[in-house]
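*Asks:* Contents of start30.cif (mmCIF, C-alpha atoms):
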```cif
data_entry
#
loop_
_atom_site.label_atom_id
_atom_site.label_comp_id
_atom_site.auth_asym_id
_atom_site.auth_seq_id
_atom_site.Cartn_x
_atom_site.Cartn_y
_atom_site.Cartn_z
CA ARG A 5 -49.68 56.99 -29.06
CA TRP A 6 -46.70 54.79 -28.58
CA ILE A 7 -44.62 55.71 -25.56
CA ILE A 8 -41.06 54.78 -24.69
CA GLY A 9 -40.27 55.24 -21.02
CA HIS A 10 -36.99 55.57 -19.17
CA LEU A 11 -35.09 57.00 -22.11
CA ASP A 12 -31.41 56.09 -21.85
CA ILE A 13 -29.41 55.67 -25.08
CA LEU A 14 -30.65 56.29 -28.62
CA ASN A 15 -28.65 56.64 -31.82
CA ALA A 16 -29.53 58.88 -34.77
CA ASP A 17 -31.39 56.10 -36.64
CA GLN A 18 -33.51 55.29 -33.59
CA ILE A 19 -34.32 58.97 -33.08
CA GLN A 20 -35.44 59.27 -36.70
CA LYS A 21 -37.61 56.15 -36.38
CA ALA A 22 -39.19 57.57 -33.20
CA ALA A 23 -39.92 60.83 -35.02
CA ASP A 24 -41.36 59.03 -38.06
CA LEU A 25 -43.62 56.89 -35.85
CA GLY A 26 -44.73 59.77 -33.63
CA VAL A 27 -43.36 58.03 -30.53
CA VAL A 28 -43.54 59.96 -27.26
CA MET A 29 -40.51 59.69 -24.95
CA THR A 30 -40.36 59.94 -21.17
CA THR A 31 -37.17 60.35 -19.24
CA HIS A 32 -35.58 58.93 -16.14
CA THR A 33 -32.83 61.48 -15.86
CA ASN A 34 -32.06 60.72 -12.23
CA ARG A 35 -30.64 57.40 -13.32
CA TYR A 36 -29.45 57.92 -16.88
CA ILE A 37 -27.75 61.29 -16.45
CA TYR A 38 -27.28 62.02 -12.75
CA LYS A 39 -26.41 58.58 -11.34
CA HIS A 40 -25.50 56.32 -14.27
CA GLY A 41 -24.38 58.68 -17.04
CA HIS A 42 -20.70 58.18 -16.31
CA VAL A 43 -21.16 54.39 -16.66
CA SER A 44 -22.96 54.79 -20.00
CA ARG A 45 -20.22 57.15 -21.17
CA ALA A 46 -17.54 54.56 -20.36
CA GLU A 47 -19.52 51.72 -21.98
CA ILE A 48 -20.39 53.37 -25.30
CA GLY A 49 -17.20 55.39 -25.77
CA PRO A 50 -16.45 58.95 -26.85
CA ASP A 51 -17.83 58.60 -30.38
CA ARG A 52 -21.36 57.97 -29.07
CA LEU A 53 -21.57 60.43 -26.16
CA ASN A 54 -24.46 62.28 -27.76
CA ASP A 55 -26.54 59.09 -27.71
CA ILE A 56 -26.88 59.37 -23.90
CA VAL A 57 -30.36 60.78 -23.17
CA PRO A 58 -30.19 62.73 -26.47
CA LEU A 59 -32.80 65.37 -25.68
CA ARG A 60 -31.40 68.07 -27.96
CA ARG A 61 -31.48 65.69 -30.94
CA LEU A 62 -34.94 64.36 -30.01
CA LEU A 63 -36.47 67.83 -29.79
CA ASP A 64 -34.72 68.90 -33.00
CA ALA A 65 -36.21 65.83 -34.73
CA GLY A 66 -39.71 66.80 -33.53
CA VAL A 67 -40.11 64.01 -30.97
CA ASN A 68 -42.46 64.85 -28.10
CA VAL A 69 -40.70 64.44 -24.75
CA GLY A 70 -42.27 64.45 -21.31
CA LEU A 71 -40.07 64.79 -18.26
CA ALA A 72 -40.75 62.36 -15.45
CA THR A 73 -39.38 60.90 -12.26
CA ASP A 74 -40.16 57.89 -10.14
CA ASN A 75 -37.18 58.46 -7.89
CA VAL A 76 -36.34 60.43 -4.78
CA PRO A 77 -36.73 63.35 -4.58
CA THR A 78 -40.05 63.25 -6.38
CA SER A 79 -39.95 66.91 -7.40
CA LEU A 80 -40.10 67.46 -11.15
CA PHE A 81 -37.51 70.20 -10.71
CA TYR A 82 -34.79 67.56 -10.42
CA PRO A 83 -35.42 66.23 -13.97
CA ILE A 84 -35.68 69.82 -15.19
CA TRP A 85 -32.27 70.53 -13.65
CA HIS A 86 -30.83 67.27 -15.05
CA VAL A 87 -31.74 68.06 -18.67
CA ILE A 88 -30.40 71.61 -18.38
CA SER A 89 -27.19 70.89 -16.46
CA ARG A 90 -26.53 67.26 -17.50
CA TRP A 91 -24.63 66.93 -14.18
CA ASN A 92 -23.43 63.54 -12.93
CA MET A 93 -23.07 63.07 -9.17
CA PHE A 94 -20.22 60.54 -9.37
CA SER A 95 -17.97 61.94 -12.08
CA GLU A 96 -18.87 65.50 -11.07
CA ASP A 97 -19.02 66.70 -14.63
CA ARG A 98 -21.55 67.09 -17.42
CA ILE A 99 -22.70 64.03 -19.36
CA ALA A 100 -23.11 64.69 -23.10
CA PRO A 101 -23.46 68.46 -22.58
CA GLU A 102 -24.30 68.99 -26.26
CA GLN A 103 -27.63 67.30 -25.50
CA ALA A 104 -28.59 69.90 -22.88
CA ILE A 105 -31.78 71.82 -23.54
CA SER A 106 -32.74 75.34 -22.53
CA ARG A 107 -34.71 76.19 -19.42
CA GLU A 108 -37.70 77.10 -21.55
CA GLU A 109 -37.54 73.79 -23.41
CA ALA A 110 -37.21 71.87 -20.14
CA LEU A 111 -40.28 73.59 -18.70
CA ARG A 112 -42.18 72.89 -21.92
CA CYS A 113 -41.25 69.19 -21.69
CA ALA A 114 -42.39 69.14 -18.06
CA THR A 115 -45.74 70.84 -18.79
CA LEU A 116 -46.93 70.46 -22.39
CA GLY A 117 -44.86 67.31 -22.85
CA GLY A 118 -46.42 65.72 -19.79
CA ALA A 119 -49.92 66.71 -20.87
CA TYR A 120 -49.34 65.26 -24.36
CA LEU A 121 -47.98 62.07 -22.84
CA THR A 122 -51.24 61.56 -20.90
CA PHE A 123 -53.53 62.63 -23.78
CA GLU A 124 -54.50 65.79 -21.87
CA GLU A 125 -52.93 68.45 -24.08
CA GLU A 126 -56.35 69.94 -24.85
CA LYS A 127 -57.06 70.72 -21.19
CA LYS A 128 -53.67 71.25 -19.48
CA GLY A 129 -49.99 71.91 -20.01
CA SER A 130 -50.21 75.54 -21.15
CA ILE A 131 -52.01 78.73 -20.21
CA GLU A 132 -54.75 79.15 -22.81
CA PRO A 133 -58.48 79.95 -22.80
CA GLY A 134 -60.53 76.84 -22.07
CA LYS A 135 -57.74 74.98 -20.28
CA LEU A 136 -57.50 74.27 -16.57
CA GLY A 137 -56.03 77.24 -14.75
CA ASP A 138 -54.39 75.78 -11.68
CA VAL A 139 -51.48 77.86 -10.42
CA VAL A 140 -48.37 77.30 -8.32
CA ILE A 141 -46.21 79.96 -6.74
CA LEU A 142 -42.62 78.77 -6.69
CA SER A 143 -39.76 79.45 -4.30
CA ASP A 144 -37.55 80.66 -7.16
CA ASP A 145 -37.77 81.55 -10.84
CA PRO A 146 -36.59 78.55 -12.91
CA LEU A 147 -35.86 80.84 -15.86
CA SER A 148 -33.47 83.15 -14.03
CA CYS A 149 -32.18 81.54 -10.81
CA PRO A 150 -28.66 80.09 -10.73
CA GLU A 151 -28.65 76.74 -12.55
CA GLU A 152 -27.66 74.83 -9.41
CA ASN A 153 -30.76 76.16 -7.60
CA ILE A 154 -33.28 74.76 -10.09
CA LYS A 155 -33.32 71.35 -8.40
CA ASP A 156 -34.21 72.95 -5.06
CA ILE A 157 -37.31 74.83 -6.24
CA VAL A 158 -40.45 74.01 -4.26
CA ALA A 159 -44.08 75.06 -4.32
CA GLN A 160 -44.85 77.86 -1.85
CA THR A 161 -48.57 77.99 -2.70
CA THR A 162 -50.76 75.80 -4.88
CA ILE A 163 -54.15 76.95 -6.20
CA VAL A 164 -56.51 74.40 -7.78
CA GLY A 165 -59.90 75.40 -9.14
CA GLY A 166 -59.52 78.86 -7.63
CA GLU A 167 -58.93 77.50 -4.11
CA VAL A 168 -55.66 77.53 -2.19
CA VAL A 169 -54.98 73.83 -1.51
CA TYR A 170 -51.43 74.14 -0.18
CA GLU A 171 -49.32 76.78 1.51
CA ARG A 172 -45.79 75.89 2.53
CA GLY A 173 -45.34 75.95 6.28
CA LYS A 174 -49.09 75.92 7.05
CA ALA A 175 -51.01 72.90 8.33
CA ALA A 176 -53.62 71.51 5.96
#
```
Turn the structure described in the file into structure tokens.

*Replies:*
Amino acid sequence: RWIIGHLDILNADQIQKAADLGVVMTTHTNRYIYKHGHVSRAEIGPDRLNDIVPLRRLLDAGVNVGLATDNVPTSLFYPIWHVISRWNMFSEDRIAPEQAISREEALRCATLGGAYLTFEEEKKGSIEPGKLGDVVILSDDPLSCPEENIKDIVAQTTIVGGEVVYERGKAA
């Protein structure tokens, strides 16, 4: 699979080419929406706003997207929040809000999308017979908590291979 990382700006023709080629996209939403989106918006102008991290158009075109981060904080719930809220920390508004995706779609990109990105879709990324069954208990429900709280979700308990490997507030 061909992979394009650090997705920033794509126009409709580029999205169609990515779909036709079966390209997999990974994001860097901390930069391209949260910290730099207002700069991109000023540079490309109002007619191309929906080219900024165009997740809605990518998913609608059938492009596989995996959410990612290599920034602080390292929690995947920040990218999940970014693609749902499209919030920019400097302009304090939403960047290309028409490109927002639903909570369910964001979680799918973070799980199945990530597994597909790493060629592991047959063994992880969804709850199905024959797949790994590791479990995490979260501090909040990403499908129903207030949107602003999504970024603050943390693991309370992590179970790998049937064994508790992490409990928040307990020494290892």

*Asks:* Could you jot down the CA of Ile131 in chain A to CA of Leu62 in chain A separation for me, Å, one decimal place?

*Replies:* 24.4 Å

*Asks:* What does the PyMOL selection byres ((chain A and resi 83-85) around 9) select in this file, as a VMD selection string?

*Replies:* chain A and resid 31 to 34 71 to 73 79 to 82 86 to 91 107 110 to 111 113 to 114 151 to 155

*Asks:* Under the rule that only C-alpha atoms are counted, which of A:Val168, A:Leu121, A:Leu63, A:Ala175 is the nearest residue to Ile141 in chain A?

*Replies:*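 Checking each candidate against Ile141 in chain A, we get A:Val168 as the closest.
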
*Asks:* Which one of A:Asn75, A:Ser143, A:Thr115, A:Thr30 sits closest to Ala159 in chain A if you count all atoms listed in the file?

*Replies:*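 The answer is A:Ser143, which sits nearest to Ala159 in chain A.
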
*Asks:* Which residues, named as in the file, does the PyMOL selection byres ((chain A and resi 102) around 12) pick out? Answer as a PyMOL selection string.

*Replies:* chain A and resi 52-61+87-90+98-101+103-106

*Asks:* Find the distance between CA of Ala22 in chain A and CA of Gly118 in chain A and write it in Å to one decimal.

*Replies:*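 So the two atoms, CA of Ala22 in chain A and CA of Gly118 in chain A, lie 17.3 Å apart.
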
*Asks:* Please produce range 10-29 of chain A, completed to N, CA, C and O atoms, as a CSV table (one decimal), in the coordinates of the input.

*Replies:*
```csv
chain,number,residue,atom,x,y,z
A,10,HIS,N,-38.3,55.7,-19.7
A,10,HIS,CA,-37.0,55.6,-19.2
A,10,HIS,C,-35.9,55.7,-20.3
A,10,HIS,O,-35.1,54.8,-20.4
A,11,LEU,N,-36.0,56.7,-21.0
A,11,LEU,CA,-35.1,57.0,-22.1
A,11,LEU,C,-33.7,57.0,-21.6
A,11,LEU,O,-33.3,57.7,-20.7
A,12,ASP,N,-32.8,56.1,-22.2
A,12,ASP,CA,-31.4,56.1,-21.8
A,12,ASP,C,-30.5,56.4,-23.0
A,12,ASP,O,-29.9,57.4,-23.1
A,13,ILE,N,-30.3,55.5,-24.0
A,13,ILE,CA,-29.4,55.7,-25.1
A,13,ILE,C,-30.2,55.4,-26.4
A,13,ILE,O,-30.8,54.4,-26.6
A,14,LEU,N,-30.1,56.4,-27.3
A,14,LEU,CA,-30.6,56.3,-28.6
A,14,LEU,C,-29.7,56.8,-29.6
A,14,LEU,O,-29.1,57.9,-29.4
A,15,ASN,N,-29.5,56.1,-30.8
A,15,ASN,CA,-28.6,56.6,-31.8
A,15,ASN,C,-29.5,57.4,-32.8
A,15,ASN,O,-30.7,57.5,-32.7
A,16,ALA,N,-28.8,58.0,-33.8
A,16,ALA,CA,-29.5,58.9,-34.8
A,16,ALA,C,-30.6,58.1,-35.5
A,16,ALA,O,-31.7,58.7,-35.8
A,17,ASP,N,-30.4,56.9,-35.9
A,17,ASP,CA,-31.4,56.1,-36.6
A,17,ASP,C,-32.6,55.8,-35.8
A,17,ASP,O,-33.7,55.9,-36.2
A,18,GLN,N,-32.4,55.5,-34.5
A,18,GLN,CA,-33.5,55.3,-33.6
A,18,GLN,C,-34.3,56.6,-33.4
A,18,GLN,O,-35.6,56.5,-33.3
A,19,ILE,N,-33.6,57.7,-33.3
A,19,ILE,CA,-34.3,59.0,-33.1
A,19,ILE,C,-35.2,59.3,-34.3
A,19,ILE,O,-36.3,59.7,-34.2
A,20,GLN,N,-34.7,59.0,-35.5
A,20,GLN,CA,-35.4,59.3,-36.7
A,20,GLN,C,-36.6,58.3,-36.8
A,20,GLN,O,-37.7,58.8,-37.2
A,21,LYS,N,-36.5,57.1,-36.4
A,21,LYS,CA,-37.6,56.2,-36.4
A,21,LYS,C,-38.7,56.6,-35.4
A,21,LYS,O,-39.9,56.6,-35.7
A,22,ALA,N,-38.2,57.1,-34.2
A,22,ALA,CA,-39.2,57.6,-33.2
A,22,ALA,C,-40.0,58.8,-33.8
A,22,ALA,O,-41.2,58.9,-33.6
A,23,ALA,N,-39.3,59.7,-34.4
A,23,ALA,CA,-39.9,60.8,-35.0
A,23,ALA,C,-40.9,60.4,-36.1
A,23,ALA,O,-42.0,60.9,-36.1
A,24,ASP,N,-40.5,59.5,-37.0
A,24,ASP,CA,-41.4,59.0,-38.1
A,24,ASP,C,-42.6,58.3,-37.5
A,24,ASP,O,-43.7,58.5,-38.1
A,25,LEU,N,-42.5,57.6,-36.4
A,25,LEU,CA,-43.6,56.9,-35.8
A,25,LEU,C,-44.5,57.7,-34.9
A,25,LEU,O,-45.5,57.3,-34.4
A,26,GLY,N,-44.0,58.9,-34.6
A,26,GLY,CA,-44.7,59.8,-33.6
A,26,GLY,C,-44.6,59.3,-32.2
A,26,GLY,O,-45.5,59.5,-31.4
A,27,VAL,N,-43.6,58.6,-31.9
A,27,VAL,CA,-43.4,58.0,-30.5
A,27,VAL,C,-43.2,59.2,-29.5
A,27,VAL,O,-42.5,60.2,-29.8
A,28,VAL,N,-43.7,59.0,-28.4
A,28,VAL,CA,-43.5,60.0,-27.3
A,28,VAL,C,-42.5,59.4,-26.3
A,28,VAL,O,-42.6,58.2,-26.0
A,29,MET,N,-41.6,60.2,-25.8
A,29,MET,CA,-40.5,59.7,-25.0
A,29,MET,C,-40.7,60.3,-23.5
A,29,MET,O,-41.1,61.4,-23.4
```
